[in-house]
Amino acid sequence: MIPFFLLLSLTSFAQQKITVSGSVLSENNVPIPDVSISVVSQATGTTTQANGSFTLQVNKGATLLISVIGYEEQRIIADKDGLMLVIKLTATTSSLNEVVVVGYGTTRKATLTGSVSAVKGSVLQKSPLANVTNSLSGRLPGLVAVTRTGEPGNDGSVLRIRGANTLGDNSPLIVVDGIANRSIDRLDPADIENITVLKDASAAIYGAQAANGVILVTTKRGTTGKPQVQVNLHSGLTAPTVLPKMADAANYAQMINEIKEYAGEPLRYTAEEIQKYKDGSEPWLYPNTDWFKATVKPLSAQRYANISIRGGSDAIKYLLSAGGNYQDGMYYNSATNYHQYNFRTNIDAKISKDIRLSFDLQGNQENRNFSGITGEGALNPFWAMNRAYPYLPAKWPNGLPGPDVEYGANSTVIVTDATGYDRNIAYIMQSNVKLDINIPWVKGLSVTANVSVDKNIQTRKLFQKPWYLYTWDRTTYDANKVPVLVAGKRGFAEPRLRQSFTNTQRSTLNALINYETNIKDNNIKILLGTEKQTGDLMNFQAFRRYFASTAIDQLDAGGNLLKDNSGYASTNARLNYFGRLNYNYLGKYLAEFVFRYDGSYIFPANKRFGFFPGVSLGYRISQENFWKNNLSFINEFKIRGSWGKTGNDRIDPYQYLSTYSYSGTYIFNQNTQVNQVAAGVTPNPGVTWEIANQSNIGFDGQMLNNKLSFSFDYFYNLRSNILWWRNASVPSSTGLTLPQENLGRVSNQGFEFQVGYNNKIGDFTYALSVNGAYSKNKILFWDETPGIPGYQQSTGHPMNSQLYYQAIGIFKDQGAVDKYPHWAGARAGDIIFKDVNNDGKIDGLDQVRDYKTDIPTFTGGFSMDLGYKNLYISALIQGASGAERSYRTFSGEAGNFLQDDVTGRWTKDNINAIKPRTWNRSKEYWMTDGAPNNTYWVRKSDYARLKNVEVGYNLPKKLIKRVGISALRVYISGANLITVTPMVDWDPESPNNDDKSIWVNSQVYPLMKVYNAGVSITF
């Protein structure tokens, strides 16, 4: 590091430049970050830090251009060394000169013709949420970000651009610093310059991976000037946004009595016993346990730290950043937590006047820790907490762990390391070397070459061991009248260990030719490029059991009986050619054409390549004289439209080949064991990518002296060639196992809007913005079974819709049952199913397709930024509507009830109830173990959420400069603090189903609210 800074100093001295420094403030003295400070007619420049400060080395007499979105530009002449400037900018919302990142390049917002949304990294830094994707909700119109879980290390949001467009994989393409298929989840927010979303034909330059849209992430780079050190620290406490409220022991006992009464059996509990559960007078015999309260802490810790050094000269610019964060699990004695350590080095060197070299290196170490119970099936802790009997103690009065319902699932134990541990460590290294060469003898011509190698090494060590729970027969006491508890082994019969190692590598090579020229008033930009991406993966794992002791948790300490090992490997490759042509006349008439000729290893050799074009047009009508003369209060108005053809190749590879798999073993000659091989599915030699035809029209505008900005888009996407099974025209009764074919078609259409306004009144500034997006998809064809009633068909309606019986009320008495068609065995207190087809009976033909899913059709956000002198407030309210989720519980003699199902239920004394009577697991026709069969268990999941709020204060410079600090900001912030929703026991973003669930869909780690405080210091 010392030689590096020595080289920097010598270079600066040799150039004999003067140093200019200072700060950029708003009119009410609030520092403005990310302001561009550039030298007119030169490539020299820098940007201001979070405190508004900057330092720049320039030639004496150079003209500085100070510009940032939302403020008027200023020009200042640098005429002496050591010049200290305090620059105050006048607010404006004009953003025409803002540079927007697009595929393989940038463009000015004024001449942008595609549908693109963007957000600055400084905005995302206001959120205390650890995962970057969680901070995108409500920020970018058209981007749907649904956070399903808040589990540390596994809390990435589901991202959808313009909703769902296919029956297959809807995930967008992520591109970080120009390299495709990187992850955005674990990026350090302090390293992000901006995030851009390509939503229409502008994504066609990414070809067969772009049908679901593209998210471009650009990280920060070095600036010209003396080194600036910034330290960001914050620490917070987290708590679940909501937890289910379960019935207490007294209510549960009453519910069991009702079950027995309905079955004609003797009651299980007396009134005296129920009272003892209620009053807690005998905790040994009549405990009353809230399992969620016993397992989940009120508050858990999280921490974040980042330090960055940014600076440089004309010769070398650099950004060095290092950080880390920690998230504790929400359980008492939690084995669940997440640690991350990351660094980034972005260096740009000017080799000569026409040659620049950039070197980027980024690394992460991600440690995910869990208990030895992997959270699947009956040992999922949320399943255990939902199901656990409230009359069982989580812990006995003497502190020993209490009993379980079955499988050892005492939630207070299985979340700890008493069951062993599951340690997942990922080592991620990403690199990129870029060479830019200007061709001096052809003005405007340059070539760029990139070489990137990404490495991901993942190790997992799952050590599982038995645990012990204590039971009491309710009669045996010792000599001191203390109940005698008996320890019982639960879980595995003996310790066991599974270790795995996965090594993934991806290499990207690309070469670009850029040409830009101006012929009179005709501006032309041309990009041509080629890119090759290759990758490989290798996995190895081993397993042993019968460890003599848990003291040695290494493979060689395990027994030889039933030991096992396995592994697998894969390779992938892509080759493509792409380009873009931009044309504008007088900055008024705009056109863009993009293309990609894309080849993928996934498809057969004769169908491996495809051509994906896109075209967009724009018209800045506000530049016409008639507009300026008659509608001058509308400062800017642009109409634009686009069409593009993109592809989606997110499918299983090699479907064109006959596949075989190992299926057990066979013994030859009584002692020779060989693996058996079995044929897989029938190959499809014609398999190809999905095709998306995307159309978009929209407009952008600014008015009232650029204080008010607005935009609107309407889109129509038609997806064809979707892989699906021909399951109707060739029924399963034929005995044929057919491959998926490119036969599905889906349309998706909707609109997006964004409106912003900012102004100042004396020392008070404010900026308000609202955005929203609506999308609705429709299946056009997927070989649906013919002849079914129209109200049960999915064709012509949204994807992933479900069939339900229509719950229209509760039978108040036997007379009501007798008067209306009903399920066999129905009785008073049961749910009434609607006789949809009016045939006088209830059967499968009375199921109706529900056309809502768990993905919202409308999403939006309202942001507010207020400033008064050194004080500021920033807030984001985010919401969604048009989605729903179902729920079901494992209730009755098998498990507890939700309190919401207890309160107001039908009883003989409450026959006009709108909730059904007590039920016993799946013994009623209206309650099932699997997915619910009727609409009573389906709830709207619309919500509005205070997604983020930050209140901060910038300390006056005169107070802090004495100790060598150029800026110091303190703040408090929060995330997910308030949620308004009709849902009662679950967060509205939680999923209908969890991959690890059985029966109960509430068993997913909840979203977390965050209370946070932090400080940002710049030296």
# chains A, B, ... in the order shown; residues from 1 in each chain; ligands from 1
>>> residues_around(residues="range 638-640 of chain A", least_positions_apart="2", cutoff="12 Å", atoms="only C-alpha atoms", output="number ranges by chain")
A: 96, 109-116, 200-201, 587-592, 615-624, 627, 634-636, 642-643, 695-702, 709-715
>>> select_by_dssp(residues="range 50-152 of chain A", states="alpha helix (DSSP H)", output="list in words")
Gly121, Ser122, Val123 and Leu124 of chain A
>>> write_last_selection(atoms="N, CA, C and O atoms", output="tab-separated table (two decimals), in the first residue's frame")
chain	number	residue	atom	x	y	z
A	121	GLY	N	-27.11	4.71	-5.36
A	121	GLY	CA	-26.67	3.95	-4.20
A	121	GLY	C	-26.82	4.72	-2.90
A	121	GLY	O	-27.08	4.14	-1.84
A	122	SER	N	-26.66	6.06	-2.96
A	122	SER	CA	-26.79	6.87	-1.74
A	122	SER	C	-28.20	6.79	-1.18
A	122	SER	O	-28.40	6.92	0.03
A	123	VAL	N	-29.20	6.56	-2.04
A	123	VAL	CA	-30.58	6.38	-1.56
A	123	VAL	C	-30.72	5.05	-0.85
A	123	VAL	O	-31.35	4.95	0.21
A	124	LEU	N	-30.13	3.99	-1.41
A	124	LEU	CA	-30.22	2.67	-0.81
A	124	LEU	C	-29.50	2.61	0.54
A	124	LEU	O	-29.87	1.82	1.41
>>> residues_around(residues="Val687 in chain A", least_positions_apart="3", cutoff="7 Å", atoms="only C-alpha atoms", output="list in words")
Phe603, Gln655, Tyr656, Asn684, Glu741 and Asn742 of chain A
>>> closest_residue(among="A:Ala569, A:Ala880, A:Ile37, A:Ala62", to="Gln74 in chain A", atoms="only C-alpha atoms")
A:Ile37
>>> select_by_dssp(residues="range 617-705 of chain A", states="strand (DSSP E or B)", output="PyMOL selection string")
chain A and resi 617-619+636-648+660-668+672-679+690-703
>>> residues_around(residues="Ser431 in chain A", least_positions_apart="2", cutoff="8 Å", atoms="only C-alpha atoms", output="PyMOL selection string")
chain A and resi 359-362+429+433+452-454
>>> residues_around(residues="Ile307 in chain A", least_positions_apart="2", cutoff="8 Å", atoms="only C-alpha atoms", output="tab-separated table (two decimals) with N, CA and C atoms, in the first residue's frame")
chain	number	residue	atom	x	y	z
A	229	VAL	N	-11.20	9.50	3.41
A	229	VAL	CA	-11.55	8.30	4.18
A	229	VAL	C	-12.93	8.49	4.78
A	230	GLN	N	-13.79	7.52	4.53
A	230	GLN	CA	-15.14	7.59	5.08
A	230	GLN	C	-15.42	6.32	5.88
A	231	VAL	N	-15.96	6.50	7.08
A	231	VAL	CA	-16.31	5.40	7.96
A	231	VAL	C	-17.81	5.45	8.22
A	232	ASN	N	-18.48	4.33	7.96
A	232	ASN	CA	-19.91	4.22	8.22
A	232	ASN	C	-20.15	3.09	9.22
A	305	ALA	N	-20.56	-2.26	9.36
A	305	ALA	CA	-19.42	-1.34	9.33
A	305	ALA	C	-18.82	-1.33	7.94
A	309	ILE	N	-11.67	4.30	1.15
A	309	ILE	CA	-10.67	5.32	0.82
A	309	ILE	C	-10.82	5.59	-0.67
A	321	SER	N	-12.42	-0.32	-0.43
A	321	SER	CA	-13.54	-0.41	0.49
A	321	SER	C	-13.50	-1.75	1.20
A	322	ALA	N	-13.81	-1.75	2.49
A	322	ALA	CA	-13.89	-2.98	3.27
A	322	ALA	C	-15.04	-2.84	4.26
A	323	GLY	N	-15.74	-3.93	4.47
A	323	GLY	CA	-16.89	-3.85	5.36
A	323	GLY	C	-17.28	-5.20	5.90
>>> residues_around(residues="Lys220 in chain A", least_positions_apart="6", cutoff="7 Å", atoms="only C-alpha atoms", output="number ranges by chain")
A: 191-193
>>> write_last_selection(atoms="N, CA and C atoms", output="tab-separated table (two decimals), in the first residue's frame")
chain	number	residue	atom	x	y	z
A	191	ASP	N	-20.85	0.41	-1.53
A	191	ASP	CA	-20.06	0.26	-2.75
A	191	ASP	C	-20.87	0.56	-4.02
A	192	ILE	N	-22.17	0.74	-3.90
A	192	ILE	CA	-23.03	0.86	-5.07
A	192	ILE	C	-23.14	2.32	-5.50
A	193	GLU	N	-22.86	2.58	-6.78
A	193	GLU	CA	-23.05	3.90	-7.36
A	193	GLU	C	-24.50	4.09	-7.80
>>> residues_around(residues="Ser36 in chain A", least_positions_apart="4", cutoff="8 Å", atoms="only C-alpha atoms", output="PDB file with N, CA and C atoms, in the first residue's frame")
ATOM      1  N   GLY A  45     -12.010  14.720 -13.310  1.00  0.00           N
ATOM      2  CA  GLY A  45     -13.168  15.039 -12.492  1.00  0.00           C
ATOM      3  C   GLY A  45     -13.235  14.199 -11.236  1.00  0.00           C
ATOM      4  N   THR A  46     -14.197  14.523 -10.397  1.00  0.00           N
ATOM      5  CA  THR A  46     -14.426  13.796  -9.162  1.00  0.00           C
ATOM      6  C   THR A  46     -15.885  13.952  -8.783  1.00  0.00           C
ATOM      7  N   THR A  47     -16.287  13.348  -7.693  1.00  0.00           N
ATOM      8  CA  THR A  47     -17.634  13.536  -7.155  1.00  0.00           C
ATOM      9  C   THR A  47     -17.524  13.818  -5.665  1.00  0.00           C
ATOM     10  N   THR A  48     -18.506  14.517  -5.135  1.00  0.00           N
ATOM     11  CA  THR A  48     -18.482  14.860  -3.717  1.00  0.00           C
ATOM     12  C   THR A  48     -18.815  13.642  -2.863  1.00  0.00           C
ATOM     13  N   LEU A  65     -16.859  22.485 -13.816  1.00  0.00           N
ATOM     14  CA  LEU A  65     -18.292  22.364 -14.039  1.00  0.00           C
ATOM     15  C   LEU A  65     -18.880  21.552 -12.892  1.00  0.00           C
ATOM     16  N   ILE A  66     -19.785  22.164 -12.137  1.00  0.00           N
ATOM     17  CA  ILE A  66     -20.408  21.511 -10.982  1.00  0.00           C
ATOM     18  C   ILE A  66     -21.838  21.169 -11.360  1.00  0.00           C
ATOM     19  N   SER A  67     -22.174  19.874 -11.356  1.00  0.00           N
ATOM     20  CA  SER A  67     -23.504  19.458 -11.800  1.00  0.00           C
ATOM     21  C   SER A  67     -23.975  18.237 -11.031  1.00  0.00           C
ATOM     22  N   VAL A  68     -25.284  18.180 -10.799  1.00  0.00           N
ATOM     23  CA  VAL A  68     -25.920  17.031 -10.167  1.00  0.00           C
ATOM     24  C   VAL A  68     -27.402  17.124 -10.458  1.00  0.00           C
TER      25      VAL A  68
END
>>> decode(residues="range 469-496 of chain A", atoms="N, CA, C and O atoms", output="compact mmCIF listing (two decimals), in the first residue's frame")
# COMPACT_ATOMS: atom_id res chain seq x y z
N LEU A 469 -34.94 -34.46 25.77
CA LEU A 469 -36.07 -33.75 26.33
C LEU A 469 -36.54 -34.51 27.57
O LEU A 469 -36.28 -35.70 27.72
N TYR A 470 -37.26 -33.80 28.43
CA TYR A 470 -37.64 -34.38 29.73
C TYR A 470 -39.16 -34.45 29.85
O TYR A 470 -39.87 -33.47 29.55
N THR A 471 -39.63 -35.60 30.27
CA THR A 471 -41.06 -35.82 30.45
C THR A 471 -41.35 -36.17 31.91
O THR A 471 -40.46 -36.59 32.67
N TRP A 472 -42.61 -36.00 32.27
CA TRP A 472 -43.06 -36.34 33.64
C TRP A 472 -44.40 -37.05 33.53
O TRP A 472 -45.28 -36.63 32.76
N ASP A 473 -44.54 -38.11 34.30
CA ASP A 473 -45.77 -38.89 34.25
C ASP A 473 -46.89 -38.29 35.09
O ASP A 473 -47.96 -38.88 35.20
N ARG A 474 -46.65 -37.12 35.66
CA ARG A 474 -47.64 -36.35 36.44
C ARG A 474 -48.00 -37.00 37.77
O ARG A 474 -48.89 -36.54 38.48
N THR A 475 -47.27 -38.08 38.14
CA THR A 475 -47.59 -38.75 39.42
C THR A 475 -46.35 -39.00 40.28
O THR A 475 -46.48 -39.09 41.51
N THR A 476 -45.17 -39.11 39.70
CA THR A 476 -43.99 -39.52 40.45
C THR A 476 -43.25 -38.31 41.01
O THR A 476 -42.89 -37.40 40.25
N TYR A 477 -42.98 -38.33 42.31
CA TYR A 477 -42.24 -37.27 43.00
C TYR A 477 -41.07 -37.89 43.74
O TYR A 477 -41.09 -39.07 44.11
N ASP A 478 -40.06 -37.08 44.01
CA ASP A 478 -38.95 -37.58 44.83
C ASP A 478 -39.25 -37.31 46.30
O ASP A 478 -40.35 -36.85 46.66
N ALA A 479 -38.26 -37.55 47.12
CA ALA A 479 -38.47 -37.42 48.57
C ALA A 479 -38.77 -36.00 48.99
O ALA A 479 -39.36 -35.76 50.05
N ASN A 480 -38.36 -35.02 48.15
CA ASN A 480 -38.60 -33.61 48.48
C ASN A 480 -39.87 -33.07 47.82
O ASN A 480 -40.04 -31.86 47.71
N LYS A 481 -40.71 -34.00 47.35
CA LYS A 481 -41.97 -33.63 46.70
C LYS A 481 -41.76 -32.89 45.38
O LYS A 481 -42.60 -32.13 44.94
N VAL A 482 -40.61 -33.13 44.77
CA VAL A 482 -40.31 -32.54 43.47
C VAL A 482 -40.58 -33.58 42.39
O VAL A 482 -40.16 -34.73 42.52
N PRO A 483 -41.30 -33.20 41.32
CA PRO A 483 -41.59 -34.16 40.26
C PRO A 483 -40.31 -34.78 39.69
O PRO A 483 -39.29 -34.10 39.53
N VAL A 484 -40.38 -36.07 39.42
CA VAL A 484 -39.24 -36.79 38.85
C VAL A 484 -39.35 -36.76 37.32
O VAL A 484 -40.30 -37.30 36.75
N LEU A 485 -38.39 -36.09 36.68
CA LEU A 485 -38.36 -35.98 35.23
C LEU A 485 -37.49 -37.08 34.64
O LEU A 485 -36.45 -37.44 35.20
N VAL A 486 -37.90 -37.58 33.49
CA VAL A 486 -37.18 -38.65 32.82
C VAL A 486 -36.64 -38.12 31.49
O VAL A 486 -37.40 -37.57 30.68
N ALA A 487 -35.33 -38.25 31.29
CA ALA A 487 -34.71 -37.81 30.04
C ALA A 487 -34.96 -38.81 28.93
O ALA A 487 -34.86 -40.02 29.15
N GLY A 488 -35.28 -38.29 27.75
CA GLY A 488 -35.49 -39.15 26.60
C GLY A 488 -34.72 -38.65 25.40
O GLY A 488 -34.71 -37.45 25.11
N LYS A 489 -34.04 -39.58 24.71
CA LYS A 489 -33.27 -39.20 23.53
C LYS A 489 -34.21 -38.91 22.38
O LYS A 489 -35.18 -39.62 22.13
N ARG A 490 -33.92 -37.85 21.65
CA ARG A 490 -34.71 -37.47 20.50
C ARG A 490 -33.79 -37.27 19.30
O ARG A 490 -32.58 -37.09 19.44
N GLY A 491 -34.41 -37.25 18.13
CA GLY A 491 -33.63 -37.00 16.91
C GLY A 491 -32.92 -38.24 16.43
O GLY A 491 -33.49 -39.32 16.40
N PHE A 492 -31.66 -38.11 16.11
CA PHE A 492 -30.90 -39.19 15.53
C PHE A 492 -30.42 -40.16 16.60
O PHE A 492 -30.15 -39.78 17.74
N ALA A 493 -30.30 -41.41 16.18
CA ALA A 493 -29.87 -42.44 17.14
C ALA A 493 -28.43 -42.23 17.56
O ALA A 493 -28.05 -42.60 18.69
N GLU A 494 -27.62 -41.64 16.68
CA GLU A 494 -26.21 -41.43 16.97
C GLU A 494 -25.72 -40.22 16.19
O GLU A 494 -26.37 -39.80 15.23
N PRO A 495 -24.58 -39.62 16.55
CA PRO A 495 -24.07 -38.46 15.79
C PRO A 495 -23.72 -38.85 14.37
O PRO A 495 -23.29 -39.97 14.08
N ARG A 496 -23.89 -37.89 13.46
CA ARG A 496 -23.58 -38.12 12.06
C ARG A 496 -23.09 -36.82 11.43
O ARG A 496 -23.44 -35.73 11.88
